[in-house]
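Each remark here refers to the structure printed beneath this line.
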Amino acid sequence: MNVTHEIELLVQEINRLGSKNADGQTSVKFGVLFNDDQCANIFEALVGTLKAAKRKKVVNFQGELLLQGVHDDVDIVLL
């Protein structure tokens with residue numbers, strides 16, 4: 001899979017699992033995304049896909065690297 005395609009799939013999954021925040025943007029907690037069975041089947045490297053999407057300004061989240069457990073409550077916001 002190429003990066004652009006994986007980012008498109010990530011956007012679909014954030015829309016499926018997320019909800020609108022106060023600013024009207026869709027957001028989802030990292031833990032929700034990471035622990036979702038469908039996401040686990042789609043993304044071989046979810047964290048790598050998130051980093052690529054952040055670099056392309058498709059999503060935003062605090063920090064550079066998200067780790068399961070430690071960062072489960074971090075919001076991933078669709079831009």
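Each chain of the structure tokens is named A, B, ... in the order shown, its residues numbered from 1; ligands are numbered from 1 in display order.
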Checklist line | Secondary structure check, strand (DSSP E) residues of chain A, as JSON, numbers by chain | finding: {"A": [19, 20, 26, 27, 28, 29, 59, 60, 75, 76, 77, 78]}
Fewer than 3 positions away in the same chain doesn't count, so skip those; otherwise give me all residues within 9 Å of Leu65 of chain A, counting only C-alpha atoms, as a PDB file with all heavy atoms, in the first residue's frame.
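Contents of selection_19.pdb, as written:
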ATOM      1  N   VAL A  47       1.012   3.911  13.766  1.00  0.00           N
ATOM      2  CA  VAL A  47       1.776   5.071  14.226  1.00  0.00           C
ATOM      3  C   VAL A  47       2.524   5.726  13.062  1.00  0.00           C
ATOM      4  O   VAL A  47       2.560   6.947  12.950  1.00  0.00           O
ATOM      5  CB  VAL A  47       2.744   4.664  15.366  1.00  0.00           C
ATOM      6  CG1 VAL A  47       3.663   5.813  15.742  1.00  0.00           C
ATOM      7  CG2 VAL A  47       1.961   4.199  16.579  1.00  0.00           C
ATOM      8  N   GLY A  48       3.074   4.928  12.171  1.00  0.00           N
ATOM      9  CA  GLY A  48       3.768   5.465  10.992  1.00  0.00           C
ATOM     10  C   GLY A  48       2.812   6.195  10.070  1.00  0.00           C
ATOM     11  O   GLY A  48       3.139   7.255   9.529  1.00  0.00           O
ATOM     12  N   LEU A  50       0.015   7.647  11.018  1.00  0.00           N
ATOM     13  CA  LEU A  50      -0.342   8.889  11.709  1.00  0.00           C
ATOM     14  C   LEU A  50       0.744   9.947  11.547  1.00  0.00           C
ATOM     15  O   LEU A  50       0.449  11.121  11.307  1.00  0.00           O
ATOM     16  CB  LEU A  50      -0.601   8.623  13.193  1.00  0.00           C
ATOM     17  CG  LEU A  50      -1.927   7.969  13.528  1.00  0.00           C
ATOM     18  CD1 LEU A  50      -1.935   7.469  14.964  1.00  0.00           C
ATOM     19  CD2 LEU A  50      -3.077   8.937  13.286  1.00  0.00           C
ATOM     20  N   LYS A  51       2.003   9.538  11.662  1.00  0.00           N
ATOM     21  CA  LYS A  51       3.110  10.498  11.494  1.00  0.00           C
ATOM     22  C   LYS A  51       3.116  11.068  10.080  1.00  0.00           C
ATOM     23  O   LYS A  51       3.317  12.264   9.885  1.00  0.00           O
ATOM     24  CB  LYS A  51       4.454   9.826  11.794  1.00  0.00           C
ATOM     25  CG  LYS A  51       4.760   9.714  13.266  1.00  0.00           C
ATOM     26  CD  LYS A  51       6.118   9.125  13.514  1.00  0.00           C
ATOM     27  CE  LYS A  51       7.192  10.137  13.190  1.00  0.00           C
ATOM     28  NZ  LYS A  51       8.531   9.699  13.572  1.00  0.00           N
ATOM     29  N   GLN A  62      -0.912  16.023  19.703  1.00  0.00           N
ATOM     30  CA  GLN A  62       0.195  16.476  20.545  1.00  0.00           C
ATOM     31  C   GLN A  62       1.320  15.451  20.507  1.00  0.00           C
ATOM     32  O   GLN A  62       1.087  14.261  20.590  1.00  0.00           O
ATOM     33  CB  GLN A  62      -0.276  16.663  21.995  1.00  0.00           C
ATOM     34  CG  GLN A  62      -1.263  17.792  22.180  1.00  0.00           C
ATOM     35  CD  GLN A  62      -0.628  19.152  21.938  1.00  0.00           C
ATOM     36  OE1 GLN A  62       0.538  19.377  22.212  1.00  0.00           O
ATOM     37  NE2 GLN A  62      -1.414  20.062  21.395  1.00  0.00           N
ATOM     38  N   HIS A  71      -0.324   6.993  25.578  1.00  0.00           N
ATOM     39  CA  HIS A  71      -0.976   8.086  24.854  1.00  0.00           C
ATOM     40  C   HIS A  71      -2.410   7.764  24.429  1.00  0.00           C
ATOM     41  O   HIS A  71      -2.927   8.377  23.499  1.00  0.00           O
ATOM     42  CB  HIS A  71      -0.138   8.469  23.625  1.00  0.00           C
ATOM     43  CG  HIS A  71       1.232   8.964  23.974  1.00  0.00           C
ATOM     44  ND1 HIS A  71       2.359   8.238  23.677  1.00  0.00           N
ATOM     45  CD2 HIS A  71       1.635  10.078  24.608  1.00  0.00           C
ATOM     46  CE1 HIS A  71       3.411   8.896  24.103  1.00  0.00           C
ATOM     47  NE2 HIS A  71       3.005  10.023  24.691  1.00  0.00           N
TER      48      HIS A  71
END
Notebook entry, point to check: If we count only C-alpha atoms, what is near segment 67-70 of chain A at a cut-off of 10 Å, once residues fewer than 4 positions away on the same chain are taken out, given as number ranges by chain?
Noted result: A: 30-31, 34-35, 47, 74
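Among the candidates A:Cys39, A:Val28, A:Asp75, A:Ala52, the residue lying nearest to Asn2 of chain A is A:Ala52 (atoms considered: only C-alpha atoms).
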Checklist line | Filtered DSSP result for chain A, state helix (DSSP H, G or I), as a count of residues only | finding: 37
Next item on the list: With a distance cut-off of 12 Å and only C-alpha atoms, select the neighbouring residues of Arg55 of chain A, excluding the residue or stretch itself and same-chain residues fewer than 3 positions from it, and output the selection as JSON, numbers by chain.
Entry: {"A": [3, 4, 7, 48, 49, 50, 51, 52, 58, 59, 60, 61, 64, 79]}
Could you save the residues just selected, with all heavy atoms, as a CSV table (one decimal), in the first residue's frame?
chain,number,residue,atom,x,y,z
A,3,VAL,N,1.5,5.4,0.8
A,3,VAL,CA,1.2,6.2,1.9
A,3,VAL,C,0.0,7.0,1.7
A,3,VAL,O,-0.9,7.2,2.6
A,3,VAL,CB,2.4,7.2,2.2
A,3,VAL,CG1,2.1,8.2,3.3
A,3,VAL,CG2,3.7,6.4,2.5
A,4,THR,N,-0.2,7.6,0.5
A,4,THR,CA,-1.4,8.4,0.2
A,4,THR,C,-2.7,7.5,0.4
A,4,THR,O,-3.7,8.0,1.0
A,4,THR,CB,-1.4,8.9,-1.2
A,4,THR,OG1,-0.2,9.7,-1.4
A,4,THR,CG2,-2.6,9.8,-1.5
A,7,ILE,N,-3.3,7.0,4.1
A,7,ILE,CA,-3.8,8.2,4.8
A,7,ILE,C,-5.3,8.4,4.5
A,7,ILE,O,-6.1,8.8,5.3
A,7,ILE,CB,-3.0,9.5,4.3
A,7,ILE,CG1,-1.6,9.4,5.0
A,7,ILE,CG2,-3.7,10.8,4.8
A,7,ILE,CD1,-0.6,10.4,4.5
A,48,GLY,N,3.1,4.9,12.2
A,48,GLY,CA,3.8,5.5,11.0
A,48,GLY,C,2.8,6.2,10.1
A,48,GLY,O,3.1,7.3,9.5
A,49,THR,N,1.6,5.6,9.9
A,49,THR,CA,0.6,6.3,9.1
A,49,THR,C,0.2,7.6,9.7
A,49,THR,O,0.0,8.6,9.0
A,49,THR,CB,-0.6,5.4,8.9
A,49,THR,OG1,-0.2,4.1,8.3
A,49,THR,CG2,-1.6,6.0,7.9
A,50,LEU,N,0.0,7.6,11.0
A,50,LEU,CA,-0.3,8.9,11.7
A,50,LEU,C,0.7,9.9,11.5
A,50,LEU,O,0.4,11.1,11.3
A,50,LEU,CB,-0.6,8.6,13.2
A,50,LEU,CG,-1.9,8.0,13.5
A,50,LEU,CD1,-1.9,7.5,15.0
A,50,LEU,CD2,-3.1,8.9,13.3
A,51,LYS,N,2.0,9.5,11.7
A,51,LYS,CA,3.1,10.5,11.5
A,51,LYS,C,3.1,11.1,10.1
A,51,LYS,O,3.3,12.3,9.9
A,51,LYS,CB,4.5,9.8,11.8
A,51,LYS,CG,4.8,9.7,13.3
A,51,LYS,CD,6.1,9.1,13.5
A,51,LYS,CE,7.2,10.1,13.2
A,51,LYS,NZ,8.5,9.7,13.6
A,52,ALA,N,2.9,10.2,9.1
A,52,ALA,CA,2.9,10.7,7.7
A,52,ALA,C,1.7,11.6,7.5
A,52,ALA,O,1.8,12.6,6.8
A,52,ALA,CB,2.8,9.5,6.7
A,58,VAL,N,-2.8,16.5,7.4
A,58,VAL,CA,-4.2,15.9,7.3
A,58,VAL,C,-4.8,15.7,8.7
A,58,VAL,O,-6.0,15.9,8.9
A,58,VAL,CB,-4.1,14.5,6.6
A,58,VAL,CG1,-5.4,13.8,6.6
A,58,VAL,CG2,-3.6,14.7,5.2
A,59,VAL,N,-3.9,15.4,9.7
A,59,VAL,CA,-4.3,15.3,11.1
A,59,VAL,C,-3.4,16.1,12.0
A,59,VAL,O,-2.3,16.5,11.5
A,59,VAL,CB,-4.4,13.8,11.6
A,59,VAL,CG1,-5.3,13.0,10.8
A,59,VAL,CG2,-3.0,13.2,11.6
A,60,ASN,N,-3.8,16.3,13.2
A,60,ASN,CA,-2.9,16.9,14.2
A,60,ASN,C,-3.1,16.2,15.5
A,60,ASN,O,-4.2,15.8,15.9
A,60,ASN,CB,-3.2,18.4,14.3
A,60,ASN,CG,-2.1,19.1,15.1
A,60,ASN,OD1,-1.0,18.7,15.2
A,60,ASN,ND2,-2.5,20.3,15.7
A,61,PHE,N,-2.0,16.1,16.3
A,61,PHE,CA,-2.0,15.5,17.6
A,61,PHE,C,-0.8,16.0,18.4
A,61,PHE,O,0.2,16.5,17.8
A,61,PHE,CB,-2.1,14.0,17.6
A,61,PHE,CG,-1.0,13.3,16.8
A,61,PHE,CD1,0.2,13.1,17.3
A,61,PHE,CD2,-1.2,13.0,15.5
A,61,PHE,CE1,1.2,12.5,16.6
A,61,PHE,CE2,-0.3,12.4,14.7
A,61,PHE,CZ,1.0,12.1,15.3
A,64,GLU,N,5.2,13.9,19.0
A,64,GLU,CA,5.7,13.3,17.7
A,64,GLU,C,5.4,11.9,17.6
A,64,GLU,O,5.1,11.4,16.5
A,64,GLU,CB,7.3,13.5,17.7
A,64,GLU,CG,7.7,15.0,17.5
A,64,GLU,CD,7.2,15.5,16.2
A,64,GLU,OE1,7.3,14.9,15.1
A,64,GLU,OE2,6.6,16.7,16.2
A,79,LEU,N,-7.9,17.5,10.2
A,79,LEU,CA,-7.9,18.9,9.7
A,79,LEU,C,-8.6,19.1,8.4
A,79,LEU,O,-8.9,18.2,7.7
A,79,LEU,CB,-6.4,19.4,9.6
A,79,LEU,CG,-5.6,19.2,10.9
A,79,LEU,CD1,-4.1,19.6,10.6
A,79,LEU,CD2,-6.1,20.1,12.0
Note to self: Considering only C-alpha atoms, can you say which of A:Leu66, A:Leu78, A:Val32, A:Ala45 comes closest to Val11 of chain A?
What the structure shows: A:Leu78
Notebook entry, point to check: So, counting only C-alpha atoms, which residue among A:Arg16, A:Val77, A:Leu10, A:Gly24 is closest to Leu46 of chain A?
Noted result: A:Leu10
Checklist line | Minimum-distance residue to Glu8 of chain A, chosen among A:Ala40, A:Ala53, A:Ala22, A:Leu33 (using only C-alpha atoms) | finding: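 Of A:Ala40, A:Ala53, A:Ala22, A:Leu33, the one nearest Glu8 of chain A, counting only C-alpha atoms, is A:Ala53.
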